[in-house]
Each structure stands twice: as structure tokens, then as C-alpha cells.
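Have a look at the structure below, then the notes.
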Amino acid sequence: LIVCSGEARIDLESAEEARERPGERVIQVSTTQVSFDSKTGEARTDQAIAFRTPDGEGRAVGLTYSTRHGVIRLLREVQLTLASPLPGQQTNGAVEPLVLTSSSLEFRRSDLTIHLQSPVSARQNGKSLEAEELAIELDRRLRLRRAVAAGFPRLRSAESNGTFELTAEKLTAAFNPTGLLEGMSAQGRVRGSHRPASPANGRDEDRMAADRVELEMQPGRGIGRSLLLSGNVLVERDRNEDAQRLETPQLELVFSAASTPRSWQLERGEMPA
């Protein structure tokens with residue numbers, strides 16, 4: 001057993017990246033009091049750590065690193081900041097930093113995945129995501145490619161025009177290389193609601209329920225192209241003294257190309273005859 005009592009730095013870089021882009025895609029981890037077991041190839045510390053990726057940085061307490069399998073585990077009090085958005089988050093064309101916290105984190109170099117364990121929280125400006133677990137897939141340049149939240153995640157967005165909430169058994173979001181949302185799906189007991197910022201009365205609210213919801217985005221614009229609700233679809237709308245209710249097996253909402261990131265204009269709605 002080898003023990004380093006002072007400061008230690010671990011650089012994570014695949015052999016392929018070292019050949020093609022030496023030093024460009026390195027993940028750097030800094031900590032103290034690291035022990036290394038040459039028989040198992042595992043490094044370990046229970047001290048505070050700081051780490052930096054090409055597109056983010058973070059901190060945690062406690063670490064294990066398997067040099068043989070390329071697996072790094074952050075043991076507790078994890079906070080990670082990435083330059084990628086929550087679903088739908090664009091502000092004047094700029095991507096705001098995304099702050100993630102969790103009880104623990106595991107990064108696997110072989111398949112470029114990050115797993116965060118409960119409780120998981122993601123926050124970015126007026127948007128937040130709470131989940132029991134979150135799996136993140138990165139591309140070869142370590143940029144966010146896909147995220148899957150499980151354990152009845154809750155997505156909440158507070159904007160100037162009101163507050164939107166969405167819950168489901170699982171949420172999946174796909175991103176393009178610039179960090180913009182390409183599409184999102186919600187699966188299993190999907191529930192959503194929207195309350196305007198200045199409601200006319202206490203019942204001023206829109207609600208929806210479905211088995212599955214799929215959002216398709218206009219490429220590179222941060223604007224929705226269509227929203228498809230399927231399976232036991234229920235849409236309710238309360239406005240002043242007027243209450244409306246719609247039940248259908250499927251409903252598709254198509255948004256106008258003239259929409260903006262902060263204002264999606266509904267062009268039409270379609271459902272089975």
C-alpha cells in the first residue's frame with residue numbers, strides 16, 4: 001500500500017485521446033491523503049476533492065478510483081457544474097451553467113457515463129429538476145449528449161409568464177453538441193400543470209395527464225416543434241368561472257416556426273377523429 005500524505009492530482013485521459021488531442025480532454029482531480037493499492041489498482045481518499053472537466057468543474061468528499069477499470073466514484077456531498085442546459089433552458093441564445101448535486105457519483109470512462117444517486121438536484125436559473133437518480137451520457141469530447149432521470153423526477157420551471165411543473169416515472173432528454181435541447185420524453189403516469197404569474201383567481205390553472213409525452217424541438221433554435229401526448233390523455237383548463245375538459249387517446253400540439261425561446265406559439269392541435 002502506497003500512501004501520499006500531501007496534495008495529489010489524478011489526470012484521467014484515454015489512450016486514444018492522448019494520441020489524437022494530448023491534454024485537451026483531460027479530467028483533473030485534486031485531493032490529499034491518497035492511498036494506492038498496487039495489487040487491486042485502486043486509489044482511495046476520504047478527504048475533500050476538487051475536479052475539473054473540459055466543460056465543467058465540481059467538488060465532493062471522498063473518492064475511489066479503479067485504474068484497471070477506469071471507474072471513479074465520488075462518495076458524498078457531490079456538486080458538479082456543467083455548461084449545458086436543463087430541458088428547454090435557453091436565455092437570449094446563451095447557455096447558462098447547470099449545477100448538479102447528489103449524495104454520490106460514479107463516472108465510467110469506458111462508456112462515458114455519469115450516474116448520480118439520490119437525492120439528485122439540478123438547477124439552472126428558474127428551472128429545477130429533482131430525482132432519485134440521474135444518468136448522464138457524454139460524447140467523445142465529454143459534452144452532455146443524453147440525460148435520463150428516474151424515480152418519479154419533478155421538473156419545475158418558473159418564468160415571467162408563470163410556473164410549469166412536470167412529473168413522471170422517467171424523463172429523458174437529448175442534447176446537440178452545442179448544449180441545446182433536441183428532444184425530451186416523459187414516460188409513465190405523466191402529470192403536468194401551468195399556473196400564470198398573475199392568475200385571475202385561485203382556480204386559474206392548466207393541467208394535463210398522459211401515459212407518455214414526447215417533445216420534439218426545432219433544430220438548433222431552442223423552440224418546440226411539436227408535443228405529443230399519448231395514452232389516457234386528459235387536459236383540463238380553468239379560467240375564471242369557465243372550466244374545460246378534454247379526454248382523448250392522443251393529442252398532438254404543433255408550434256409555429258415564428259415562436260421564440262421564451263414564447264412558443266401554438267399553431268394547431270390534432271387528435272384522432
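The chains in the C-alpha cells are called A, B, ... from first to last as shown; in each chain the residues are counted from 1, and the ligands are counted from 1 in the order shown.
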
| task | Excluding A:Pro54 and any residue of its chain fewer than 3 positions from it, enumerate the residues within 12 Å of it, using only C-alpha atoms, and give them as a VMD selection string. | result | chain A and resid 12 to 13 23 to 28 51 57 to 58 81 to 83 138 140 to 144

| said: Applying 7 Å and only C-alpha atoms, which residues near stretch 105-118 of chain A remain after dropping the ones on its own chain fewer than 6 positions away? List them as a ChimeraX atom specification. | reply: /A:70-75,78,131-138

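Across the structure, atom CA of A:Asp211 and atom CA of A:Asn232 are spaced 6.3 Å apart.
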
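As for atom CA of A:Ala210 and atom CA of A:Asn125, they are spaced 27.7 Å apart.
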
| field | Residue neighbourhood A:Asn176, 9 Å, only C-alpha atoms, exclusion window fewer than 3 positions, as a PyMOL selection string | value | chain A and resi 144-146+179-182+219-220

| Which is closer to A:Arg191 than all the others in A:Gly6, A:Pro119, A:Gly126, A:Pro153, using only C-alpha atoms? | A:Pro153

| task | Figure out the distance between atom CA of A:Ala158 and atom CA of A:Leu229, please, to one decimal in Å. | result | 22.3 Å

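Considering the residues A:Ser5, A:Ser226, A:Ser121, A:Thr67 and counting only C-alpha atoms, A:Thr45 has its shortest atom-to-atom contact with A:Ser5.
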
| Among stretch 17-213 of chain A, which ones does DSSP place in strand (DSSP E), written as a ChimeraX atom specification? | /A:27-37,42-53,56-66,71-82,98-102,104-108,113-124,127-138,144-150,154-159,162-167,170-175,181-196,205-213

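For the set A:Val99, A:Ile2, A:Met271, A:Ala60, the residue with the smallest atom-to-atom gap to A:Thr40 is A:Ile2, counting only C-alpha atoms.
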
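Shortest separation to A:Pro196 among A:Gly162, A:Gly151, A:Gly183, A:Gly224 occurs at residue A:Gly162, atoms counted being only C-alpha atoms.
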
| message | Report as a PyMOL selection string all protein, DNA and RNA residues lying within 6 Å of A:Gln265, evaluated on only C-alpha atoms, omitting residues in the same chain fewer than 2 positions from it. | response | chain A and resi 255-256+259

Would you export the selected residues with N, CA and C atoms as a PDB file, in the first residue's frame, please?
```pdb
ATOM      1  N   PHE A 255     -46.250  23.644 -32.866  1.00  0.00           N
ATOM      2  CA  PHE A 255     -45.910  25.037 -32.586  1.00  0.00           C
ATOM      3  C   PHE A 255     -45.441  25.754 -33.845  1.00  0.00           C
ATOM      4  N   SER A 256     -45.664  27.056 -33.874  1.00  0.00           N
ATOM      5  CA  SER A 256     -45.323  27.873 -35.029  1.00  0.00           C
ATOM      6  C   SER A 256     -43.818  28.079 -35.138  1.00  0.00           C
ATOM      7  N   SER A 259     -42.239  31.103 -33.351  1.00  0.00           N
ATOM      8  CA  SER A 259     -42.072  31.123 -31.901  1.00  0.00           C
ATOM      9  C   SER A 259     -40.673  31.604 -31.519  1.00  0.00           C
TER      10      SER A 259
END
```

| query | Got a sec: who's within 10 Å of A:Gln33, counting only C-alpha atoms, leaving out chain neighbours fewer than 6 positions off, as a list in words? | reply |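 Near neighbours after the sequence-gap exclusion: Val3, Cys4, Ser5, Gly6, Glu7, Ala8, Arg44, Thr45, Asp46, Gln47 and Ala48 of chain A.
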
| query | What's the 12 Å shell around A:Gly231, counting only C-alpha atoms, without same-chain residues fewer than 2 positions away, as a PyMOL selection string? | reply | chain A and resi 187-190+208-214+228-229+233-234+247-252+271
